[in-house]
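This report refers to the structure that appears directly beneath it.
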Amino acid sequence: MNLVEAKYLEYTINIFKKSLECRGNKNLPTYKILWKHNDKLLFANTLNIDNDYNVLINKLSPDFNPYHDKLPIVENGKFPIDIMESIHKKYFPSGFSNPINLYNNPLALFKEAISVVKSVDAFHLDNIEYRLLNVSYLDLKTTLPFILIDENFELEPVSLIEVSKN
């Protein structure tokens, strides 16, 4: 999958957790996607997401100080509102929906998240940022804070790994 699809996949898993937390579920596991690129397995974040599940984008102030700003979610049909609406329509159609068992099963969640991304008709991500964050290859002991990538970079989602319970 290309980088935009990978960002949609990562956000799908994160927004699923946020939706469950908003329904009162506590101590949910946090998952990371295990990716494959050029026959190497790696963990990496395609998005910078804060503790409130906002997507952060890099900006530069007029005096050249870098900072993060929240990606606005006000435009219908654009990322991230498009994936939020898709998740809510399918898995949280009523105020009583609570698919906690799906979220607690990493294999089922992973398959569903990939299915959601594949069902998107058109991807609308204006600020793509061609980079990966917190990159760690399974065969190396080093974690890189970021790597820059080109627009043709492909990632294959391999597994969903529980990294903590929050």
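For the structure tokens, the naming scheme is as follows: chains receive sequential letters (A, B, ...) according to their order of presentation, residues are indexed from 1 within each chain, and ligands are indexed from 1 in presentation order.
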
| query | Got a sec: who's within 12 Å of A:Leu125, counting only C-alpha atoms, leaving out chain neighbours fewer than 2 positions off, as a ChimeraX atom specification? | reply | /A:3-8,47,55,57,71-73,75,77-83,122-123,127-130

Would you mind exporting the chosen residues as a tab-separated table (two decimals), in the first residue's frame, restricted to C-alpha atoms?
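Final file, result.tsv:
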chain	number	residue	atom	x	y	z
A	3	LEU	CA	1.91	6.02	2.11
A	4	VAL	CA	-1.53	7.66	2.01
A	5	GLU	CA	-3.25	4.29	2.36
A	6	ALA	CA	-0.87	3.42	5.21
A	7	LYS	CA	-1.79	6.68	6.98
A	8	TYR	CA	-5.46	5.84	6.59
A	47	LEU	CA	1.19	9.88	11.37
A	55	VAL	CA	-3.34	14.28	13.72
A	57	ILE	CA	1.22	18.37	11.11
A	71	LEU	CA	-4.95	18.83	11.20
A	72	PRO	CA	-8.43	20.38	10.92
A	73	ILE	CA	-11.32	17.94	10.76
A	75	GLU	CA	-14.11	19.58	5.85
A	77	GLY	CA	-14.97	14.21	2.58
A	78	LYS	CA	-11.36	14.90	3.56
A	79	PHE	CA	-8.94	13.15	5.87
A	80	PRO	CA	-9.44	12.50	8.75
A	81	ILE	CA	-13.20	13.14	8.79
A	82	ASP	CA	-13.79	10.72	5.91
A	83	ILE	CA	-12.33	7.75	7.79
A	122	ALA	CA	-10.87	8.33	-3.03
A	123	PHE	CA	-8.16	9.36	-0.61
A	127	ASN	CA	-0.62	17.41	3.68
A	128	ILE	CA	0.99	14.04	3.02
A	129	GLU	CA	4.41	14.59	4.66
A	130	TYR	CA	6.61	11.96	3.04

| field | Shell of 9 Å around stretch 88-95 of chain A, only C-alpha atoms, local chain residues under 5 positions omitted, as a list of chain:residue names | value | A:Phe16, A:Ser19, A:Arg23, A:Ile83

| Among chain A, which ones does DSSP place in strand (DSSP E), written as a PyMOL selection string? | chain A and resi 29-37+40-45+48-49+55-60+66-70+131-137+143-148+156-165

What would the file look like if the residues just selected were written as a PDB file, in the first residue's frame with C-alpha atoms?
ATOM      1  CA  PRO A  29      -4.655  -2.078  24.373  1.00  0.00           C
ATOM      2  CA  THR A  30      -2.598   0.165  22.129  1.00  0.00           C
ATOM      3  CA  TYR A  31      -1.545  -1.420  18.874  1.00  0.00           C
ATOM      4  CA  LYS A  32       1.274  -0.757  16.438  1.00  0.00           C
ATOM      5  CA  ILE A  33       1.352  -1.933  12.868  1.00  0.00           C
ATOM      6  CA  LEU A  34       4.214  -4.174  11.842  1.00  0.00           C
ATOM      7  CA  TRP A  35       5.123  -3.212   8.276  1.00  0.00           C
ATOM      8  CA  LYS A  36       7.204  -4.870   5.597  1.00  0.00           C
ATOM      9  CA  HIS A  37       9.276  -2.856   3.137  1.00  0.00           C
ATOM     10  CA  LYS A  40      12.511  -5.995   6.006  1.00  0.00           C
ATOM     11  CA  LEU A  41      10.108  -5.859   8.950  1.00  0.00           C
ATOM     12  CA  LEU A  42       9.738  -2.557  10.762  1.00  0.00           C
ATOM     13  CA  PHE A  43       7.624  -0.577  13.151  1.00  0.00           C
ATOM     14  CA  ALA A  44       6.964   3.024  12.167  1.00  0.00           C
ATOM     15  CA  ASN A  45       4.349   5.690  12.618  1.00  0.00           C
ATOM     16  CA  ASN A  48       2.010  12.059  14.337  1.00  0.00           C
ATOM     17  CA  ILE A  49      -0.999  11.618  16.644  1.00  0.00           C
ATOM     18  CA  VAL A  55      -3.343  14.284  13.720  1.00  0.00           C
ATOM     19  CA  LEU A  56      -0.481  16.755  14.065  1.00  0.00           C
ATOM     20  CA  ILE A  57       1.223  18.372  11.114  1.00  0.00           C
ATOM     21  CA  ASN A  58       4.560  20.129  11.039  1.00  0.00           C
ATOM     22  CA  LYS A  59       4.520  23.873  10.602  1.00  0.00           C
ATOM     23  CA  LEU A  60       7.044  26.657  10.684  1.00  0.00           C
ATOM     24  CA  PRO A  66       9.055  24.492  14.032  1.00  0.00           C
ATOM     25  CA  TYR A  67       5.833  23.510  15.791  1.00  0.00           C
ATOM     26  CA  HIS A  68       2.936  21.064  15.461  1.00  0.00           C
ATOM     27  CA  ASP A  69      -0.580  22.073  14.578  1.00  0.00           C
ATOM     28  CA  LYS A  70      -3.723  19.932  14.588  1.00  0.00           C
ATOM     29  CA  ARG A 131       8.283  10.613   6.142  1.00  0.00           C
ATOM     30  CA  LEU A 132       7.957   7.871   8.725  1.00  0.00           C
ATOM     31  CA  LEU A 133       8.367   8.518  12.451  1.00  0.00           C
ATOM     32  CA  ASN A 134       9.904   6.384  15.216  1.00  0.00           C
ATOM     33  CA  VAL A 135      11.237   3.806  12.794  1.00  0.00           C
ATOM     34  CA  SER A 136      12.670   0.589  14.190  1.00  0.00           C
ATOM     35  CA  TYR A 137      13.649  -2.368  12.048  1.00  0.00           C
ATOM     36  CA  THR A 143      15.318   3.444  16.490  1.00  0.00           C
ATOM     37  CA  LEU A 144      15.397   6.309  14.053  1.00  0.00           C
ATOM     38  CA  PRO A 145      13.322   9.384  14.940  1.00  0.00           C
ATOM     39  CA  PHE A 146      12.300   9.714  11.294  1.00  0.00           C
ATOM     40  CA  ILE A 147      13.169   8.735   7.757  1.00  0.00           C
ATOM     41  CA  LEU A 148      12.293  10.727   4.663  1.00  0.00           C
ATOM     42  CA  GLU A 156       2.874  -3.852   3.364  1.00  0.00           C
ATOM     43  CA  PRO A 157       0.901  -4.240   6.608  1.00  0.00           C
ATOM     44  CA  VAL A 158       1.942  -7.551   8.163  1.00  0.00           C
ATOM     45  CA  SER A 159       0.565  -7.686  11.698  1.00  0.00           C
ATOM     46  CA  LEU A 160      -0.947  -5.715  14.542  1.00  0.00           C
ATOM     47  CA  ILE A 161       1.076  -5.904  17.753  1.00  0.00           C
ATOM     48  CA  GLU A 162      -0.124  -4.878  21.198  1.00  0.00           C
ATOM     49  CA  VAL A 163       2.395  -2.442  22.680  1.00  0.00           C
ATOM     50  CA  SER A 164       0.583  -1.408  25.889  1.00  0.00           C
ATOM     51  CA  LYS A 165      -2.656  -1.126  27.735  1.00  0.00           C
TER      52      LYS A 165
END

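From atom CA of A:Tyr11 back to atom CA of A:Asn105, the distance works out to 17.5 Å.
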
Who sits within 10 Å of A:Lys17, only C-alpha atoms, same chain under 2 positions skipped, as a short mmCIF file (atom, residue, chain, number, x, y, z; two decimals) with N, CA and C atoms, in the first residue's frame:
data_model
loop_
_atom_site.label_atom_id
_atom_site.label_comp_id
_atom_site.auth_asym_id
_atom_site.auth_seq_id
_atom_site.Cartn_x
_atom_site.Cartn_y
_atom_site.Cartn_z
N TYR A 11 -4.62 5.53 11.06
CA TYR A 11 -5.64 6.35 11.69
C TYR A 11 -6.90 5.55 11.99
N THR A 12 -7.24 4.60 11.13
CA THR A 12 -8.42 3.76 11.36
C THR A 12 -8.31 3.04 12.70
N ILE A 13 -7.15 2.47 12.97
CA ILE A 13 -6.96 1.74 14.23
C ILE A 13 -7.01 2.70 15.42
N ASN A 14 -6.42 3.88 15.27
CA ASN A 14 -6.44 4.86 16.36
C ASN A 14 -7.83 5.42 16.62
N ILE A 15 -8.59 5.70 15.57
CA ILE A 15 -9.92 6.28 15.76
C ILE A 15 -10.89 5.25 16.32
N SER A 19 -13.01 5.97 19.65
CA SER A 19 -14.47 5.80 19.70
C SER A 19 -14.89 4.91 20.84
N LEU A 20 -14.13 3.85 21.10
CA LEU A 20 -14.44 2.97 22.22
C LEU A 20 -14.22 3.67 23.55
N GLU A 21 -13.17 4.46 23.66
CA GLU A 21 -12.91 5.20 24.89
C GLU A 21 -14.02 6.21 25.16
N CYS A 22 -14.54 6.83 24.11
CA CYS A 22 -15.64 7.78 24.27
C CYS A 22 -16.92 7.09 24.77
N ARG A 23 -17.00 5.79 24.59
CA ARG A 23 -18.15 5.02 25.08
C ARG A 23 -17.88 4.41 26.44
N ASN A 25 -15.13 2.71 27.57
CA ASN A 25 -14.21 1.57 27.69
C ASN A 25 -12.85 2.07 28.19
N LYS A 26 -12.31 1.37 29.15
CA LYS A 26 -11.03 1.76 29.75
C LYS A 26 -10.02 0.63 29.58
N LEU A 28 -7.85 -0.09 27.33
CA LEU A 28 -7.79 -0.73 26.02
C LEU A 28 -6.34 -0.87 25.58
N PRO A 29 -6.03 -1.94 24.87
CA PRO A 29 -4.65 -2.08 24.37
C PRO A 29 -4.35 -1.03 23.30
N THR A 30 -3.09 -0.68 23.21
CA THR A 30 -2.60 0.16 22.13
C THR A 30 -1.86 -0.74 21.16
N TYR A 31 -2.14 -0.57 19.89
CA TYR A 31 -1.55 -1.42 18.87
C TYR A 31 -0.60 -0.62 17.98
N TYR A 53 -5.83 11.89 20.03
CA TYR A 53 -6.04 11.31 18.70
C TYR A 53 -6.17 12.36 17.60
N ILE A 100 -16.31 -3.75 21.33
CA ILE A 100 -15.09 -3.95 22.13
C ILE A 100 -14.43 -5.29 21.82
N TYR A 103 -12.24 -4.94 18.82
CA TYR A 103 -10.99 -4.21 19.11
C TYR A 103 -10.01 -5.07 19.90
N ASN A 104 -10.51 -5.89 20.78
CA ASN A 104 -9.64 -6.72 21.62
C ASN A 104 -9.09 -7.95 20.90
#

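Pairwise distance (atom CA of A:Val120, atom CA of A:Ser86) equals 8.6 Å.
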
| field | Nearest to A:Glu85 by atom-to-atom distance, counting only C-alpha atoms, from A:Leu109, A:Leu102, A:Leu140, A:Val116 | value | A:Val116

| message | If I take atom CA of A:Ser119 and atom CA of A:Ile87, how far is one from the other in Å, to one decimal? | response | 11.2 Å

Any chance you could list, as a compact mmCIF listing (two decimals) with N, CA and C atoms, in the first residue's frame, the residues in stretch 10-155 of chain A that come up alpha helix (DSSP H) when DSSP is run on the backbone?
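For reference, out24.txt as written:
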# COMPACT_ATOMS: atom_id res chain seq x y z
N GLU A 10 -3.37 3.41 9.70
CA GLU A 10 -2.96 3.75 11.07
C GLU A 10 -4.04 4.57 11.77
N TYR A 11 -4.62 5.53 11.06
CA TYR A 11 -5.64 6.35 11.69
C TYR A 11 -6.90 5.55 11.99
N THR A 12 -7.24 4.60 11.13
CA THR A 12 -8.42 3.76 11.36
C THR A 12 -8.31 3.04 12.70
N ILE A 13 -7.15 2.47 12.97
CA ILE A 13 -6.96 1.74 14.23
C ILE A 13 -7.01 2.70 15.42
N ASN A 14 -6.42 3.88 15.27
CA ASN A 14 -6.44 4.86 16.36
C ASN A 14 -7.83 5.42 16.62
N ILE A 15 -8.59 5.70 15.57
CA ILE A 15 -9.92 6.28 15.76
C ILE A 15 -10.89 5.25 16.32
N PHE A 16 -10.64 3.99 16.03
CA PHE A 16 -11.44 2.92 16.61
C PHE A 16 -11.28 2.93 18.12
N LYS A 17 -10.03 3.04 18.57
CA LYS A 17 -9.76 3.09 20.02
C LYS A 17 -10.41 4.32 20.64
N LYS A 18 -10.26 5.47 19.99
CA LYS A 18 -10.85 6.70 20.52
C LYS A 18 -12.37 6.55 20.67
N SER A 19 -13.01 5.97 19.65
CA SER A 19 -14.47 5.80 19.70
C SER A 19 -14.89 4.91 20.84
N LEU A 20 -14.13 3.85 21.10
CA LEU A 20 -14.44 2.97 22.22
C LEU A 20 -14.22 3.67 23.55
N GLU A 21 -13.17 4.46 23.66
CA GLU A 21 -12.91 5.20 24.89
C GLU A 21 -14.02 6.21 25.16
N CYS A 22 -14.54 6.83 24.11
CA CYS A 22 -15.64 7.78 24.27
C CYS A 22 -16.92 7.09 24.77
N ILE A 81 -11.76 13.28 8.57
CA ILE A 81 -13.20 13.14 8.79
C ILE A 81 -13.79 12.02 7.95
N ASP A 82 -13.23 11.77 6.76
CA ASP A 82 -13.79 10.72 5.91
C ASP A 82 -13.66 9.35 6.56
N ILE A 83 -12.52 9.07 7.16
CA ILE A 83 -12.33 7.75 7.79
C ILE A 83 -13.11 7.68 9.11
N MET A 84 -13.21 8.81 9.82
CA MET A 84 -14.01 8.83 11.05
C MET A 84 -15.46 8.49 10.75
N GLU A 85 -16.01 9.13 9.72
CA GLU A 85 -17.40 8.87 9.34
C GLU A 85 -17.61 7.43 8.90
N SER A 86 -16.67 6.88 8.17
CA SER A 86 -16.76 5.50 7.72
C SER A 86 -16.78 4.53 8.91
N ILE A 87 -15.89 4.74 9.87
CA ILE A 87 -15.82 3.88 11.06
C ILE A 87 -17.11 3.99 11.87
N HIS A 88 -17.57 5.21 12.08
CA HIS A 88 -18.77 5.39 12.90
C HIS A 88 -20.01 4.80 12.23
N LYS A 89 -20.10 4.96 10.92
CA LYS A 89 -21.27 4.44 10.21
C LYS A 89 -21.31 2.91 10.26
N LYS A 90 -20.14 2.27 10.12
CA LYS A 90 -20.11 0.80 10.05
C LYS A 90 -20.12 0.14 11.43
N TYR A 91 -19.34 0.66 12.38
CA TYR A 91 -19.14 -0.04 13.65
C TYR A 91 -19.85 0.60 14.84
N ILE A 100 -16.31 -3.75 21.33
CA ILE A 100 -15.09 -3.95 22.13
C ILE A 100 -14.43 -5.29 21.82
N ASN A 101 -15.23 -6.31 21.55
CA ASN A 101 -14.64 -7.63 21.26
C ASN A 101 -13.85 -7.61 19.96
N LEU A 102 -14.31 -6.84 19.00
CA LEU A 102 -13.55 -6.69 17.75
C LEU A 102 -12.21 -6.01 18.04
N TYR A 103 -12.24 -4.94 18.82
CA TYR A 103 -10.99 -4.21 19.11
C TYR A 103 -10.01 -5.07 19.90
N PRO A 106 -6.78 -8.60 17.93
CA PRO A 106 -5.92 -7.90 16.95
C PRO A 106 -6.05 -8.40 15.51
N LEU A 107 -6.20 -9.69 15.32
CA LEU A 107 -6.33 -10.22 13.96
C LEU A 107 -7.61 -9.72 13.31
N ALA A 108 -8.72 -9.84 14.02
CA ALA A 108 -10.00 -9.38 13.47
C ALA A 108 -9.98 -7.87 13.23
N LEU A 109 -9.44 -7.11 14.17
CA LEU A 109 -9.35 -5.66 14.03
C LEU A 109 -8.50 -5.29 12.82
N PHE A 110 -7.37 -5.96 12.67
CA PHE A 110 -6.45 -5.67 11.58
C PHE A 110 -7.12 -5.93 10.23
N LYS A 111 -7.79 -7.07 10.11
CA LYS A 111 -8.48 -7.40 8.86
C LYS A 111 -9.59 -6.39 8.57
N GLU A 112 -10.33 -6.00 9.59
CA GLU A 112 -11.41 -5.03 9.40
C GLU A 112 -10.85 -3.66 9.02
N ALA A 113 -9.76 -3.25 9.67
CA ALA A 113 -9.16 -1.95 9.37
C ALA A 113 -8.66 -1.91 7.93
N ILE A 114 -8.02 -2.97 7.49
CA ILE A 114 -7.56 -3.04 6.10
C ILE A 114 -8.76 -3.00 5.15
N SER A 115 -9.83 -3.69 5.51
CA SER A 115 -11.04 -3.68 4.70
C SER A 115 -11.63 -2.27 4.60
N VAL A 116 -11.63 -1.55 5.70
CA VAL A 116 -12.15 -0.17 5.70
C VAL A 116 -11.33 0.69 4.74
N VAL A 117 -10.01 0.58 4.82
CA VAL A 117 -9.15 1.38 3.95
C VAL A 117 -9.36 1.01 2.48
N LYS A 118 -9.48 -0.27 2.21
CA LYS A 118 -9.70 -0.70 0.82
C LYS A 118 -11.05 -0.24 0.28
